[in-house]
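Remarks on the structure that follows.
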Amino acid sequence: MQAKYIDFHTHKPSESDVLSIMNLRIWENPIKTLFSCGLHPVDIVEISLDKAFEMLREIVNSPHCVALGEAGIDKRISASVELQQKVFEQQLMLADEANLPVIIHNVRSLTEILNSLKKTGFSNPFIFHGFTGKAETARQILKAGGYLSFGKSILNHQATRETFANVAADRFFLETDEADCSIYEIYSEAASLRKINLNELRGIVFENFVGAVTRY
Ligand SMILES: [Zn+2]
C-alpha cells in the first residue's frame, strides 16, 4: 500500500490523499482534521499574552491538535527579540506538558532558538519549518536533535536544493506553507533531488511523521 502524501505545514485545506497539518492562528476555531496551533511571533503584539496562553492551553488538549506552532523568533518584525524569546520559551514548556512536538518559525534567529530549546530542556521533537539555507545551518539543527521541513525553496533555491539532497532520510518533512504550488510538485522535485522514486519518498516521510507526531 502507498503511504499518504504528507503536507507538514500548510494554511489551506488539502486534497483527500494528503494528510496535512493545517496551521491555525489561536483565534481560529479548532477543526476536525489534524492541525497545529501556536502564537506566531507576528501575533504577539495583536493579542494579550495572558489571554493567548489561556486559549492555547485549552487548544493543545484538542485531540486533533498534533503540534504546537508555529512558534519561534523573527528578526524582521517589530516585537523585541527578548519578548519573542520569552513567549517562545513559554510555548516550549506548554508543548512539553502537553507532550506535543513544536513547529518552529525561524527568521535569522537560529542561535536564540537553539538556546531556548536547551535552556527549557525541551524534550519532544522540534521541526524547523520552511527551511531555506545551507548545509551548515541544517547541520546545527540536526545536531541539536531537530527535524527540517522543506517547502517551495527546493524548487528554486540552489543552496536549499543541495542541502535537501543530502539531509539524513530520517530527519525531514515536506510542506506547502503559503506557497501557490501543490504538495505533489514538491514531492516530485524532492524525489528527483534525492534520486529515489516517489513511493520510496512517500514511505520515508510517512515514517518520519509517525515518529515525530505522536498524537497522530
Ligand atoms: Zn506557515
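Order determines the names: the first chain of the C-alpha cells is A, the second B, and so forth; residues in each chain are numbered 1 upward, and ligands are numbered 1 upward as they are shown.
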Determine, counting only C-alpha atoms, which protein, DNA and RNA residues have an atom within 9 Å of an atom of A:Gly211; residues of the same chain fewer than 4 positions away are not included. Present the result as a ChimeraX atom specification.
/A:125,206-207
Could you please extract the residues within 9 Å of ligand 1, counting only C-alpha atoms and all ligand atoms, and hand them back as a compact mmCIF listing (two decimals) with N, CA and C atoms, in the first residue's frame?
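Okay, this is what ended up in out_11.txt:
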```txt
# COMPACT_ATOMS: atom_id res chain seq x y z
N HIS A 9 3.11 21.34 6.89
CA HIS A 9 2.72 22.65 7.39
C HIS A 9 2.03 23.43 6.27
N THR A 10 0.76 23.70 6.46
CA THR A 10 0.04 24.42 5.42
C THR A 10 -1.02 25.33 6.03
N HIS A 11 -1.46 26.28 5.24
CA HIS A 11 -2.50 27.20 5.69
C HIS A 11 -3.80 26.99 4.92
N ASN A 23 -2.25 24.79 9.70
CA ASN A 23 -1.87 25.72 10.77
C ASN A 23 -3.00 26.69 11.09
N GLU A 70 2.90 27.57 14.51
CA GLU A 70 4.30 27.93 14.51
C GLU A 70 4.61 28.85 15.67
N HIS A 105 9.20 28.55 13.71
CA HIS A 105 9.36 29.62 12.72
C HIS A 105 10.64 30.37 13.08
N HIS A 129 10.37 24.68 10.29
CA HIS A 129 9.57 24.61 9.06
C HIS A 129 10.08 25.66 8.06
N GLY A 130 9.76 25.43 6.78
CA GLY A 130 10.17 26.35 5.72
C GLY A 130 11.68 26.52 5.68
N THR A 176 3.78 22.77 2.03
CA THR A 176 3.46 23.85 1.08
C THR A 176 3.45 25.22 1.75
N ASP A 177 3.18 25.27 3.05
CA ASP A 177 3.06 26.55 3.77
C ASP A 177 2.09 27.45 3.01
N GLU A 178 2.54 28.66 2.63
CA GLU A 178 1.63 29.56 1.93
C GLU A 178 1.89 29.61 0.43
```
Non-local contacts of A:Ala98 (12 Å; only C-alpha atoms; under 5 positions in same chain excluded) as an MDAnalysis selection string
chainID A and resid 56:63 65:68 91:93 122:124 214:215
Leaving out A:Gly121 and any residue of its chain fewer than 6 positions from it, which residues lie within 12 Å of it when counting only C-alpha atoms, given as a CSV table (one decimal) with N, CA and C atoms, in the first residue's frame?
```csv
chain,number,residue,atom,x,y,z
A,89,GLU,N,9.7,30.5,24.7
A,89,GLU,CA,10.1,29.5,25.8
A,89,GLU,C,8.8,29.1,26.6
A,90,GLN,N,7.9,30.0,26.8
A,90,GLN,CA,6.7,29.6,27.5
A,90,GLN,C,5.9,28.6,26.7
A,92,LEU,N,7.3,26.4,24.5
A,92,LEU,CA,8.0,25.2,24.6
A,92,LEU,C,7.6,24.4,25.9
A,93,MET,N,7.5,25.1,27.0
A,93,MET,CA,7.1,24.5,28.2
A,93,MET,C,5.7,23.9,28.1
A,95,ALA,N,4.2,22.9,25.4
A,95,ALA,CA,4.2,21.8,24.5
A,95,ALA,C,4.8,20.6,25.2
A,96,ASP,N,5.8,20.8,26.0
A,96,ASP,CA,6.3,19.7,26.8
A,96,ASP,C,5.3,19.1,27.7
A,97,GLU,N,4.6,19.9,28.4
A,97,GLU,CA,3.5,19.4,29.3
A,97,GLU,C,2.4,18.7,28.5
A,114,LEU,N,18.0,27.9,19.4
A,114,LEU,CA,18.7,26.7,19.9
A,114,LEU,C,19.0,26.9,21.4
A,115,ASN,N,19.3,28.2,21.8
A,115,ASN,CA,19.5,28.4,23.2
A,115,ASN,C,18.2,28.2,24.0
A,144,ALA,N,21.4,19.4,17.1
A,144,ALA,CA,20.6,19.7,18.3
A,144,ALA,C,19.4,18.7,18.5
```
Using DSSP secondary structure from the backbone, list all strand (DSSP E) positions within stretch 30-117 of chain A, as a PyMOL selection string.
chain A and resi 35-37+65-74+102-107
Output of the above residues as an mmCIF file, in the first residue's frame, restricted to C-alpha atoms:
```cif
data_model
loop_
_atom_site.group_PDB
_atom_site.id
_atom_site.type_symbol
_atom_site.label_atom_id
_atom_site.label_comp_id
_atom_site.auth_asym_id
_atom_site.auth_seq_id
_atom_site.Cartn_x
_atom_site.Cartn_y
_atom_site.Cartn_z
ATOM 1 C CA PHE A 35 -3.882 20.920 12.942
ATOM 2 C CA SER A 36 -1.165 22.851 14.717
ATOM 3 C CA CYS A 37 -1.688 25.981 16.700
ATOM 4 C CA CYS A 65 -4.061 19.321 17.686
ATOM 5 C CA VAL A 66 -0.923 17.347 16.831
ATOM 6 C CA ALA A 67 1.726 20.054 17.196
ATOM 7 C CA LEU A 68 2.270 23.402 18.826
ATOM 8 C CA GLY A 69 3.325 26.133 16.431
ATOM 9 C CA GLU A 70 4.300 27.934 14.512
ATOM 10 C CA ALA A 71 6.250 29.475 17.316
ATOM 11 C CA GLY A 72 9.693 30.995 17.242
ATOM 12 C CA ILE A 73 11.647 34.173 16.695
ATOM 13 C CA ASP A 74 11.596 36.504 13.714
ATOM 14 C CA VAL A 102 6.826 22.065 18.119
ATOM 15 C CA ILE A 103 6.811 23.608 14.633
ATOM 16 C CA ILE A 104 9.400 26.363 14.632
ATOM 17 C CA HIS A 105 9.356 29.623 12.723
ATOM 18 C CA ASN A 106 12.876 30.989 12.425
ATOM 19 C CA VAL A 107 13.986 34.161 10.726
#
```
Residue set, stretch 5-190 of chain A restricted to helix (DSSP H, G or I), as a VMD selection string:
chain A and resid 41 to 46 49 to 59 81 to 98 110 to 120 135 to 143 153 to 156 158 to 166 169 to 171 183 to 190
Spatial neighbours of A:Ser116, max dist 8 Å, only C-alpha atoms, sep filter under 2 positions, as a PDB file with C-alpha atoms, in the first residue's frame:
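result-v1.pdb, written as the output of this step:
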```
ATOM      1  CA  GLN A  85      12.143  34.601  23.106  1.00  0.00           C
ATOM      2  CA  PHE A  88       8.688  31.086  22.620  1.00  0.00           C
ATOM      3  CA  GLU A  89      10.071  29.525  25.804  1.00  0.00           C
ATOM      4  CA  GLU A 112      18.473  32.265  20.111  1.00  0.00           C
ATOM      5  CA  ILE A 113      16.123  29.417  19.219  1.00  0.00           C
ATOM      6  CA  LEU A 114      18.680  26.710  19.915  1.00  0.00           C
ATOM      7  CA  LYS A 118      18.444  23.985  25.533  1.00  0.00           C
ATOM      8  CA  LYS A 119      17.502  26.296  28.366  1.00  0.00           C
ATOM      9  CA  THR A 120      13.982  24.881  28.695  1.00  0.00           C
TER      10      THR A 120
END
```
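Atom CA of A:Phe131 to atom CA of A:Ala169 spans 15.3 Å [interatomic distance, one decimal].
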